[in-house]
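Structure file model.pdb with PDB, C-alpha atoms:
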```
MODEL        1
ATOM      1  CA  MET A   1      84.734  96.632 105.984
ATOM      2  CA  PRO A   2      87.959  96.069 107.970
ATOM      3  CA  THR A   3      91.068  97.497 106.355
ATOM      4  CA  HIS A   4      94.061  95.170 106.451
ATOM      5  CA  PHE A   5      97.245  96.591 104.971
ATOM      6  CA  SER A   6     100.970  97.024 105.355
ATOM      7  CA  LEU A   7     102.746 100.349 104.871
ATOM      8  CA  ASP A   8     106.533 100.440 105.203
ATOM      9  CA  TYR A   9     108.695 103.572 104.989
ATOM     10  CA  TYR A  10     112.344 103.675 103.943
ATOM     11  CA  ASP A  11     114.892 106.465 104.237
ATOM     12  CA  PRO A  12     116.546 107.652 101.025
ATOM     13  CA  PRO A  13     120.332 107.831 100.688
ATOM     14  CA  PRO A  14     121.656 110.847 102.625
ATOM     15  CA  GLU A  15     122.757 112.615  99.454
ATOM     16  CA  LEU A  16     119.134 112.617  98.227
ATOM     17  CA  GLY A  17     117.534 113.620 101.530
ATOM     18  CA  ARG A  18     116.811 117.164 100.378
ATOM     19  CA  HIS A  19     114.861 115.867  97.352
ATOM     20  CA  ILE A  20     113.292 112.583  98.484
ATOM     21  CA  LEU A  21     111.834 112.708 101.996
ATOM     22  CA  THR A  22     110.915 109.039 102.215
ATOM     23  CA  THR A  23     110.018 106.073 100.039
ATOM     24  CA  PHE A  24     107.213 103.667 100.859
ATOM     25  CA  CYS A  25     105.621 100.354  99.952
ATOM     26  CA  PHE A  26     101.899  99.834 100.529
ATOM     27  CA  GLU A  27      99.984  96.552 100.134
ATOM     28  CA  THR A  28      96.399  95.505 100.843
ATOM     29  CA  GLU A  29      94.226  92.589  99.790
ATOM     30  CA  ASN A  30      90.995  94.520 100.391
ATOM     31  CA  ILE A  31      88.523  94.354  97.523
ATOM     32  CA  LEU A  32      87.435  97.969  98.100
ATOM     33  CA  LEU A  33      89.246 100.716  99.963
ATOM     34  CA  GLU A  34      87.913 104.259 100.449
ATOM     35  CA  ASP A  35      89.686 107.004 102.353
ATOM     36  CA  ARG A  36      90.939 110.605 102.187
ATOM     37  CA  HIS A  37      94.393 111.702 101.050
ATOM     38  CA  PRO A  38      95.763 114.903 102.633
ATOM     39  CA  GLY A  39      98.152 115.468  99.708
ATOM     40  CA  ALA A  40     100.444 117.707 101.736
ATOM     41  CA  LEU A  41     103.511 117.051  99.578
ATOM     42  CA  GLY A  42     104.232 115.774  96.087
ATOM     43  CA  GLN A  43     104.738 112.139  95.189
ATOM     44  CA  LEU A  44     105.870 109.879  92.391
ATOM     45  CA  VAL A  45     104.033 106.576  92.885
ATOM     46  CA  LEU A  46     103.814 103.251  91.033
ATOM     47  CA  PHE A  47     100.729 101.021  91.215
ATOM     48  CA  PRO A  48     101.590  97.407  90.332
ATOM     49  CA  SER A  49      97.921  96.513  90.902
ATOM     50  CA  GLY A  50      94.617  98.144  91.807
ATOM     51  CA  GLU A  51      91.979 100.246  90.040
ATOM     52  CA  GLY A  52      90.349 103.449  91.191
ATOM     53  CA  GLY A  53      91.221 107.105  91.446
ATOM     54  CA  ILE A  54      90.902 110.407  93.278
ATOM     55  CA  THR A  55      88.003 112.884  93.165
ATOM     56  CA  PHE A  56      88.660 116.639  92.918
ATOM     57  CA  GLY A  57      85.309 118.379  93.150
ATOM     58  CA  ASP A  58      83.400 117.391  90.011
ATOM     59  CA  ARG A  59      86.447 115.785  88.355
ATOM     60  CA  PHE A  60      87.599 112.193  88.808
ATOM     61  CA  ASP A  61      91.229 111.389  88.005
ATOM     62  CA  PRO A  62      91.453 107.642  87.367
ATOM     63  CA  ALA A  63      94.312 105.407  88.473
ATOM     64  CA  GLY A  64      95.208 101.846  87.565
ATOM     65  CA  PRO A  65      98.366  99.799  87.106
ATOM     66  CA  GLY A  66     101.053 102.263  86.057
ATOM     67  CA  VAL A  67     102.858 105.288  87.494
ATOM     68  CA  TYR A  68     101.486 108.641  88.654
ATOM     69  CA  ALA A  69     102.658 111.985  90.026
ATOM     70  CA  PHE A  70     101.110 114.877  91.902
ATOM     71  CA  SER A  71     102.445 118.097  93.423
ATOM     72  CA  GLY A  72      99.877 118.325  96.251
ATOM     73  CA  PHE A  73      96.217 118.932  97.061
ATOM     74  CA  SER A  74      94.562 122.089  98.367
ATOM     75  CA  SER A  75      92.254 120.052 100.635
ATOM     76  CA  ALA A  76      91.734 116.419 101.604
ATOM     77  CA  THR A  77      90.570 114.466  98.564
ATOM     78  CA  PRO A  78      88.416 111.315  98.453
ATOM     79  CA  MET A  79      90.224 108.295  97.063
ATOM     80  CA  GLN A  80      88.831 104.919  96.126
ATOM     81  CA  MET A  81      90.732 101.816  95.040
ATOM     82  CA  GLN A  82      89.562  98.337  94.148
ATOM     83  CA  GLY A  83      92.112  95.801  95.287
ATOM     84  CA  PRO A  84      94.239  93.968  95.738
ATOM     85  CA  TRP A  85      96.192  97.236  95.696
ATOM     86  CA  ARG A  86      99.970  97.719  95.688
ATOM     87  CA  ALA A  87     101.870 101.015  95.700
ATOM     88  CA  ILE A  88     105.583 101.843  95.570
ATOM     89  CA  GLY A  89     106.380 105.512  95.894
ATOM     90  CA  ALA A  90     108.608 108.427  96.780
ATOM     91  CA  SER A  91     107.460 111.471  98.755
ATOM     92  CA  LEU A  92     109.178 114.524  97.326
ATOM     93  CA  SER A  93     110.212 117.721  99.028
ATOM     94  CA  PRO A  94     109.248 120.950  97.239
ATOM     95  CA  LEU A  95     112.829 121.023  95.961
ATOM     96  CA  GLY A  96     112.497 117.416  94.793
ATOM     97  CA  TRP A  97     109.297 118.136  92.845
ATOM     98  CA  ALA A  98     110.887 121.132  91.125
ATOM     99  CA  ALA A  99     114.167 119.361  90.349
ATOM    100  CA  LEU A 100     112.496 116.227  89.004
ATOM    101  CA  THR A 101     109.616 117.691  87.001
ATOM    102  CA  ASN A 102     110.732 121.279  86.258
ATOM    103  CA  ARG A 103     107.061 122.191  86.760
ATOM    104  CA  HIS A 104     105.286 124.913  88.732
ATOM    105  CA  ALA A 105     103.752 123.122  91.740
ATOM    106  CA  GLY A 106     100.827 125.543  91.986
ATOM    107  CA  GLU A 107      99.855 125.077  88.350
ATOM    108  CA  HIS A 108      99.759 121.307  88.883
ATOM    109  CA  PHE A 109      97.960 121.287  92.237
ATOM    110  CA  ASP A 110      94.789 119.204  92.625
ATOM    111  CA  ARG A 111      95.652 116.879  89.759
ATOM    112  CA  PHE A 112      96.671 113.232  89.679
ATOM    113  CA  TYR A 113      98.779 112.811  86.536
ATOM    114  CA  PRO A 114      99.956 109.778  84.635
ATOM    115  CA  ALA A 115     103.657 110.389  85.274
ATOM    116  CA  GLU A 116     104.653 110.163  81.621
ATOM    117  CA  GLU A 117     102.750 113.403  81.014
ATOM    118  CA  LEU A 118     105.307 115.155  83.231
ATOM    119  CA  LEU A 119     108.409 112.971  82.928
ATOM    120  CA  GLY A 120     108.183 111.444  79.455
ATOM    121  CA  PRO A 121     107.808 107.857  78.228
ATOM    122  CA  GLU A 122     110.918 106.579  80.002
ATOM    123  CA  ILE A 123     109.168 106.559  83.386
ATOM    124  CA  ALA A 124     106.327 104.463  81.964
ATOM    125  CA  HIS A 125     108.779 101.838  80.639
ATOM    126  CA  PHE A 126     110.630 101.760  83.961
ATOM    127  CA  ALA A 127     107.398 101.427  85.949
ATOM    128  CA  HIS A 128     106.004  98.683  83.720
ATOM    129  CA  ASP A 129     109.111  96.543  84.312
ATOM    130  CA  LEU A 130     109.313  97.231  88.049
ATOM    131  CA  ASN A 131     105.588  96.603  88.567
ATOM    132  CA  ARG A 132     105.811  93.308  86.688
ATOM    133  CA  ARG A 133     108.762  92.090  88.755
ATOM    134  CA  PHE A 134     107.122  93.171  92.013
ATOM    135  CA  LEU A 135     103.921  91.242  91.245
ATOM    136  CA  ALA A 136     105.970  88.182  90.242
ATOM    137  CA  ASP A 137     107.752  88.305  93.639
ATOM    138  CA  GLU A 138     111.057  88.858  91.878
ATOM    139  CA  ILE A 139     111.681  91.951  93.976
ATOM    140  CA  GLU A 140     110.529  93.033  97.441
ATOM    141  CA  GLY A 141     109.333  96.403  98.664
ATOM    142  CA  LYS A 142     112.594  97.926  99.873
ATOM    143  CA  ALA A 143     114.489  96.853  96.784
ATOM    144  CA  ALA A 144     111.718  98.267  94.592
ATOM    145  CA  CYS A 145     111.927 101.582  96.482
ATOM    146  CA  ASP A 146     115.715 101.564  96.046
ATOM    147  CA  GLU A 147     115.294 101.128  92.292
ATOM    148  CA  LEU A 148     112.813 104.002  92.182
ATOM    149  CA  THR A 149     115.281 106.202  94.067
ATOM    150  CA  ALA A 150     118.051 105.174  91.674
ATOM    151  CA  TRP A 151     115.831 106.127  88.709
ATOM    152  CA  ILE A 152     115.075 109.541  90.171
ATOM    153  CA  ALA A 153     118.626 110.486  91.225
ATOM    154  CA  PRO A 154     120.269 111.162  87.819
ATOM    155  CA  ARG A 155     117.178 113.024  86.588
ATOM    156  CA  LEU A 156     117.214 115.735  89.253
ATOM    157  CA  SER A 157     118.006 119.096  87.700
ATOM    158  CA  THR A 158     119.617 122.023  89.489
ATOM    159  CA  VAL A 159     117.486 124.659  91.201
ATOM    160  CA  SER A 160     119.104 128.072  91.632
ATOM    161  CA  SER A 161     120.774 128.598  94.991
ATOM    162  CA  SER A 162     118.572 131.635  95.734
ATOM    163  CA  HIS A 163     115.404 129.646  95.115
ATOM    164  CA  GLU A 164     116.788 126.742  97.118
ATOM    165  CA  LYS A 165     117.365 129.127  99.990
ATOM    166  CA  LEU A 166     113.765 130.354  99.694
ATOM    167  CA  ILE A 167     112.543 126.763  99.934
ATOM    168  CA  GLU A 168     114.689 126.172 103.020
ATOM    169  CA  SER A 169     113.481 129.372 104.688
ATOM    170  CA  THR A 170     109.844 128.541 103.971
ATOM    171  CA  ILE A 171     110.198 125.047 105.412
ATOM    172  CA  GLY A 172     111.851 126.447 108.530
ATOM    173  CA  TRP A 173     109.059 128.997 108.863
ATOM    174  CA  LEU A 174     106.363 126.329 108.507
ATOM    175  CA  GLY A 175     108.018 124.215 111.189
ATOM    176  CA  SER A 176     108.556 127.063 113.635
ATOM    177  CA  SER A 177     104.982 127.030 114.936
ATOM    178  CA  LEU A 178     101.527 125.658 114.253
ATOM    179  CA  ASN A 179     100.552 129.254 113.527
ATOM    180  CA  PRO A 180     103.701 130.978 112.158
ATOM    181  CA  GLU A 181     103.733 134.750 111.762
ATOM    182  CA  MET A 182     103.571 135.847 108.124
ATOM    183  CA  GLU A 183     105.965 138.769 108.544
ATOM    184  CA  ARG A 184     108.610 136.452 109.959
ATOM    185  CA  LEU A 185     108.781 134.636 106.617
ATOM    186  CA  PHE A 186     108.995 137.773 104.482
ATOM    187  CA  SER A 187     111.682 139.256 106.713
ATOM    188  CA  GLN A 188     113.894 136.230 105.997
ATOM    189  CA  LEU A 189     113.575 136.424 102.216
ATOM    190  CA  THR A 190     115.497 138.659  99.806
ATOM    191  CA  TYR A 191     112.482 139.237  97.577
ATOM    192  CA  SER A 192     109.648 141.723  97.575
ATOM    193  CA  ARG A 193     106.508 140.483  99.264
ATOM    194  CA  ARG A 194     104.805 139.967  95.894
ATOM    195  CA  GLN A 195     107.787 138.091  94.434
ATOM    196  CA  ALA A 196     108.059 135.937  97.542
ATOM    197  CA  GLU A 197     104.388 134.985  97.415
ATOM    198  CA  ARG A 198     104.718 133.962  93.753
ATOM    199  CA  LEU A 199     107.835 131.892  94.417
ATOM    200  CA  VAL A 200     106.358 130.134  97.441
ATOM    201  CA  GLU A 201     103.349 129.153  95.313
ATOM    202  CA  ARG A 202     105.676 127.995  92.533
ATOM    203  CA  TYR A 203     107.528 125.584  94.818
ATOM    204  CA  PHE A 204     104.914 124.700  97.445
ATOM    205  CA  GLY A 205     101.716 124.891  95.392
ATOM    206  CA  LEU A 206      99.997 127.478  97.601
ATOM    207  CA  PRO A 207     100.770 131.072  98.595
ATOM    208  CA  PRO A 208     102.170 131.520 102.125
ATOM    209  CA  ALA A 209      98.905 132.198 103.994
ATOM    210  CA  ALA A 210      97.092 129.216 102.466
ATOM    211  CA  LEU A 211     100.176 127.032 102.876
ATOM    212  CA  ALA A 212     100.447 127.825 106.590
ATOM    213  CA  ARG A 213      96.747 127.162 107.047
ATOM    214  CA  LYS A 214      96.965 123.725 105.412
ATOM    215  CA  PHE A 215     100.087 122.652 107.279
ATOM    216  CA  ARG A 216      98.629 123.849 110.587
ATOM    217  CA  ALA A 217      95.665 121.516 110.098
ATOM    218  CA  VAL A 218      97.729 118.555 108.906
ATOM    219  CA  ARG A 219     100.289 118.881 111.696
ATOM    220  CA  ALA A 220      97.569 119.345 114.320
ATOM    221  CA  ALA A 221      95.807 116.239 113.011
ATOM    222  CA  ALA A 222      99.058 114.272 113.148
ATOM    223  CA  LEU A 223      99.534 115.304 116.785
ATOM    224  CA  LEU A 224      95.919 114.594 117.756
ATOM    225  CA  SER A 225      96.074 111.115 116.226
ATOM    226  CA  LYS A 226      98.838 110.129 118.646
ATOM    227  CA  GLN A 227      97.821 108.213 121.747
ATOM    228  CA  ASP A 228     100.522 109.886 123.871
ATOM    229  CA  LEU A 229      99.756 113.549 123.142
ATOM    230  CA  SER A 230     101.740 115.696 125.571
ATOM    231  CA  ASP A 231     100.276 118.586 127.544
ATOM    232  CA  GLU A 232     102.631 120.925 125.686
ATOM    233  CA  ALA A 233     101.424 119.741 122.274
ATOM    234  CA  GLU A 234      97.800 119.947 123.391
ATOM    235  CA  SER A 235      98.337 123.537 124.501
ATOM    236  CA  GLU A 236     100.064 124.446 121.237
ATOM    237  CA  ILE A 237      97.120 123.096 119.253
ATOM    238  CA  ALA A 238      94.613 125.012 121.372
ATOM    239  CA  LEU A 239      96.500 128.289 120.845
ATOM    240  CA  ALA A 240      96.811 127.759 117.079
ATOM    241  CA  PHE A 241      93.056 127.985 116.413
ATOM    242  CA  HIS A 242      90.422 130.559 117.362
ATOM    243  CA  ASP A 243      88.354 127.956 119.184
ATOM    244  CA  GLN A 244      87.423 124.300 119.019
ATOM    245  CA  PRO A 245      84.817 124.661 116.218
ATOM    246  CA  HIS A 246      87.467 126.439 114.127
ATOM    247  CA  MET A 247      89.912 123.595 114.724
ATOM    248  CA  ILE A 248      87.303 121.001 113.761
ATOM    249  CA  ARG A 249      86.415 122.833 110.540
ATOM    250  CA  GLU A 250      90.048 123.207 109.509
ATOM    251  CA  ILE A 251      91.015 119.604 110.196
ATOM    252  CA  ARG A 252      87.905 118.368 108.377
ATOM    253  CA  ARG A 253      88.757 120.534 105.347
ATOM    254  CA  PHE A 254      92.395 119.549 105.025
ATOM    255  CA  CYS A 255      92.302 116.011 106.411
ATOM    256  CA  GLY A 256      88.749 114.896 105.661
ATOM    257  CA  TYR A 257      87.891 113.886 109.226
ATOM    258  CA  THR A 258      86.895 115.511 112.484
ATOM    259  CA  PRO A 259      89.381 115.253 115.380
ATOM    260  CA  THR A 260      87.198 112.657 117.127
ATOM    261  CA  ARG A 261      87.776 110.235 114.236
ATOM    262  CA  LEU A 262      91.489 110.787 113.768
ATOM    263  CA  GLY A 263      93.359 107.584 114.357
ATOM    264  CA  GLY A 264      90.240 105.614 115.164
ATOM    265  CA  PRO A 265      89.997 101.905 114.389
ATOM    266  CA  GLN A 266      87.544 102.615 111.563
ATOM    267  CA  ASP A 267      90.229 104.503 109.612
ATOM    268  CA  PRO A 268      93.552 102.720 110.166
ATOM    269  CA  LEU A 269      94.980 103.703 106.779
ATOM    270  CA  PHE A 270      94.366 107.398 107.339
ATOM    271  CA  HIS A 271      95.794 107.067 110.846
ATOM    272  CA  THR A 272      99.010 105.696 109.342
ATOM    273  CA  MET A 273      99.151 108.258 106.535
ATOM    274  CA  ILE A 274      98.548 111.229 108.814
ATOM    275  CA  GLN A 275     101.640 110.390 110.847
ATOM    276  CA  MET A 276     103.381 111.915 107.833
ATOM    277  CA  LYS A 277     106.936 110.706 108.224
ATOM    278  CA  ASN A 278     107.714 112.890 105.218
ATOM    279  CA  LEU A 279     106.677 115.989 107.213
ATOM    280  CA  ASP A 280     109.070 114.976 109.980
ATOM    281  CA  ARG A 281     111.859 114.673 107.416
ATOM    282  CA  LEU A 282     111.241 118.250 106.298
ATOM    283  CA  LYS A 283     112.793 119.364 109.584
ATOM    284  CA  GLU A 284     116.095 117.901 108.391
ATOM    285  CA  PHE A 285     116.061 119.853 105.113
ATOM    286  CA  ARG A 286     119.071 122.105 104.626
ATOM    287  CA  ALA A 287     120.047 123.969 101.477
ATOM    288  CA  ILE A 288     123.646 123.932 100.332
ATOM    289  CA  GLU A 289     125.367 127.084 101.441
TER     290      GLU A 289
ENDMDL
END
```

How would this structure read if it were set down as structure tokens?
Amino acid sequence: MPTHFSLDYYDPPPELGRHILTTFCFETENILLEDRHPGALGQLVLFPSGEGGITFGDRFDPAGPGVYAFSGFSSATPMQMQGPWRAIGASLSPLGWAALTNRHAGEHFDRFYPAEELLGPEIAHFAHDLNRRFLADEIEGKAACDELTAWIAPRLSTVSSSHEKLIESTIGWLGSSLNPEMERLFSQLTYSRRQAERLVERYFGLPPAALARKFRAVRAAALLSKQDLSDEAESEIALAFHDQPHMIREIRRFCGYTPTRLGGPQDPLFHTMIQMKNLDRLKEFRAIE
């Protein structure tokens, strides 16, 4: 079945750029949509319409009109929605997830929560009103995203400066290479190796080795899905994996598809999602000195 949709991204206000990487508005009239979600970073997302959910192994987390939150997924997860489907959301940095929810990302990985379970009943009331107005064409996508950002802003708590610095260092390490050296991260942190591993899992959902492995696959998939892949990027990808079968296995695990299908016309939604504008915004993350 052809997939017809629109997916628009919006930048948050500069003062929130360390917490909210991007906001987005998604719309499709398709009666049934099935795909994979890489779940690289946390989100707070409203569904004005649509019914379905996400499958984690033997567990199915349902989704319908309302508001949901997740901290991330350990591998690509099957998602299915019956449309018409609308989504208004915010992609959160690891700092944003921690400041908004005050929850351990690793302990909430691989779950798709009704947001009121994490944020209280106020988010449900807000979402109900915004979803209603969006469906009634009283508000458009960008304005809806602006209202979501405005709801989030005053509810962001403070994360200690030392932990904020750890988040910044980990993001810089992840972005330094498709296959970053583990010792380089630990040498930048003022914690013991064991403490650092626990803190990285607290804020990023996975310990450093697993985190690097996931982001290597997601970033490689994002590069491979581009039509204008440079020779330099192609070489970097080749050096990041043991061999081509290893690359295929890793991208299939974390993205749900083999490299030959990335960005193909049969999966236009995944092609758009895997561009991961929120990952690009991570490069701009800077902690307050």

Worksheet item: On this structure, which residues satisfy the PyMOL selection byres ((chain A and resi 30) around 12), written as a list in words?
Response: Met1, Pro2, Thr3, His4, Phe5, Ser6, Glu27, Thr28, Glu29, Ile31, Leu32, Leu33, Glu34, Ser49, Gly50, Glu51, Gln80, Met81, Gln82, Gly83, Pro84, Trp85, Arg86 and Leu269 of chain A

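Atom to atom, atom CA of A:Ala124 and atom CA of A:Thr77 stand 25.0 Å apart.
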
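Relative to atom CA of A:Glu181, atom CA of A:Ala240 is found at 11.2 Å.
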
Give the centre and edge lengths of an axis-aligned box, in Å to one decimal, that holds all listed atoms of stretch 209-223 of chain A with 4 Å on each side, as AutoDock Vina command-line options.
```
--center_x 98.1 --center_y 123.2 --center_z 109.6 --size_x 12.8 --size_y 25.9 --size_z 22.3
```

Discussion item. If the PyMOL selection byres ((chain A and resi 115) around 10) were run on this exact file, what residues would it hold? Put them as a VMD selection string.
Written reply: chain A and resid 44 to 46 66 to 70 101 112 to 114 116 to 124 127

Worksheet item: Please, what distance in Å, to one decimal, runs between atom CA of A:His125 and atom CA of A:Gly53?
Response: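 Answer for the atom CA of A:His125 to atom CA of A:Gly53 separation: 21.3 Å.
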
Missing atoms of stretch 144-158 of chain A rebuilt to N, CA and C atoms, written as a PDB file, keeping the file's coordinate frame:
```
ATOM      1  N   ALA A 144     112.466  97.508  95.593  1.00  0.00           N
ATOM      2  CA  ALA A 144     111.718  98.267  94.592  1.00  0.00           C
ATOM      3  C   ALA A 144     111.845  99.767  94.856  1.00  0.00           C
ATOM      4  N   CYS A 145     111.757 100.163  96.130  1.00  0.00           N
ATOM      5  CA  CYS A 145     111.927 101.582  96.482  1.00  0.00           C
ATOM      6  C   CYS A 145     113.337 102.062  96.153  1.00  0.00           C
ATOM      7  N   ASP A 146     114.334 101.207  96.376  1.00  0.00           N
ATOM      8  CA  ASP A 146     115.715 101.564  96.046  1.00  0.00           C
ATOM      9  C   ASP A 146     115.874 101.787  94.540  1.00  0.00           C
ATOM     10  N   GLU A 147     115.212 100.960  93.743  1.00  0.00           N
ATOM     11  CA  GLU A 147     115.294 101.128  92.292  1.00  0.00           C
ATOM     12  C   GLU A 147     114.605 102.418  91.853  1.00  0.00           C
ATOM     13  N   LEU A 148     113.487 102.748  92.502  1.00  0.00           N
ATOM     14  CA  LEU A 148     112.813 104.002  92.182  1.00  0.00           C
ATOM     15  C   LEU A 148     113.715 105.184  92.526  1.00  0.00           C
ATOM     16  N   THR A 149     114.356 105.139  93.678  1.00  0.00           N
ATOM     17  CA  THR A 149     115.281 106.202  94.067  1.00  0.00           C
ATOM     18  C   THR A 149     116.425 106.316  93.066  1.00  0.00           C
ATOM     19  N   ALA A 150     116.944 105.171  92.636  1.00  0.00           N
ATOM     20  CA  ALA A 150     118.051 105.174  91.674  1.00  0.00           C
ATOM     21  C   ALA A 150     117.606 105.741  90.326  1.00  0.00           C
ATOM     22  N   TRP A 151     116.344 105.550  89.959  1.00  0.00           N
ATOM     23  CA  TRP A 151     115.831 106.127  88.709  1.00  0.00           C
ATOM     24  C   TRP A 151     115.724 107.645  88.833  1.00  0.00           C
ATOM     25  N   ILE A 152     115.276 108.109  89.977  1.00  0.00           N
ATOM     26  CA  ILE A 152     115.075 109.541  90.171  1.00  0.00           C
ATOM     27  C   ILE A 152     116.398 110.298  90.209  1.00  0.00           C
ATOM     28  N   ALA A 153     117.397 109.748  90.895  1.00  0.00           N
ATOM     29  CA  ALA A 153     118.626 110.486  91.225  1.00  0.00           C
ATOM     30  C   ALA A 153     119.279 111.180  90.033  1.00  0.00           C
ATOM     31  N   PRO A 154     119.568 110.483  88.915  1.00  0.00           N
ATOM     32  CA  PRO A 154     120.269 111.162  87.819  1.00  0.00           C
ATOM     33  C   PRO A 154     119.389 112.127  87.023  1.00  0.00           C
ATOM     34  N   ARG A 155     118.106 112.174  87.329  1.00  0.00           N
ATOM     35  CA  ARG A 155     117.178 113.024  86.588  1.00  0.00           C
ATOM     36  C   ARG A 155     116.811 114.294  87.346  1.00  0.00           C
ATOM     37  N   LEU A 156     117.462 114.526  88.472  1.00  0.00           N
ATOM     38  CA  LEU A 156     117.214 115.735  89.253  1.00  0.00           C
ATOM     39  C   LEU A 156     118.022 116.889  88.666  1.00  0.00           C
ATOM     40  N   SER A 157     117.332 117.926  88.245  1.00  0.00           N
ATOM     41  CA  SER A 157     118.006 119.096  87.700  1.00  0.00           C
ATOM     42  C   SER A 157     118.407 120.038  88.838  1.00  0.00           C
ATOM     43  N   THR A 158     119.155 121.055  88.496  1.00  0.00           N
ATOM     44  CA  THR A 158     119.617 122.023  89.489  1.00  0.00           C
ATOM     45  C   THR A 158     118.609 123.156  89.644  1.00  0.00           C
TER      46      THR A 158
END
```
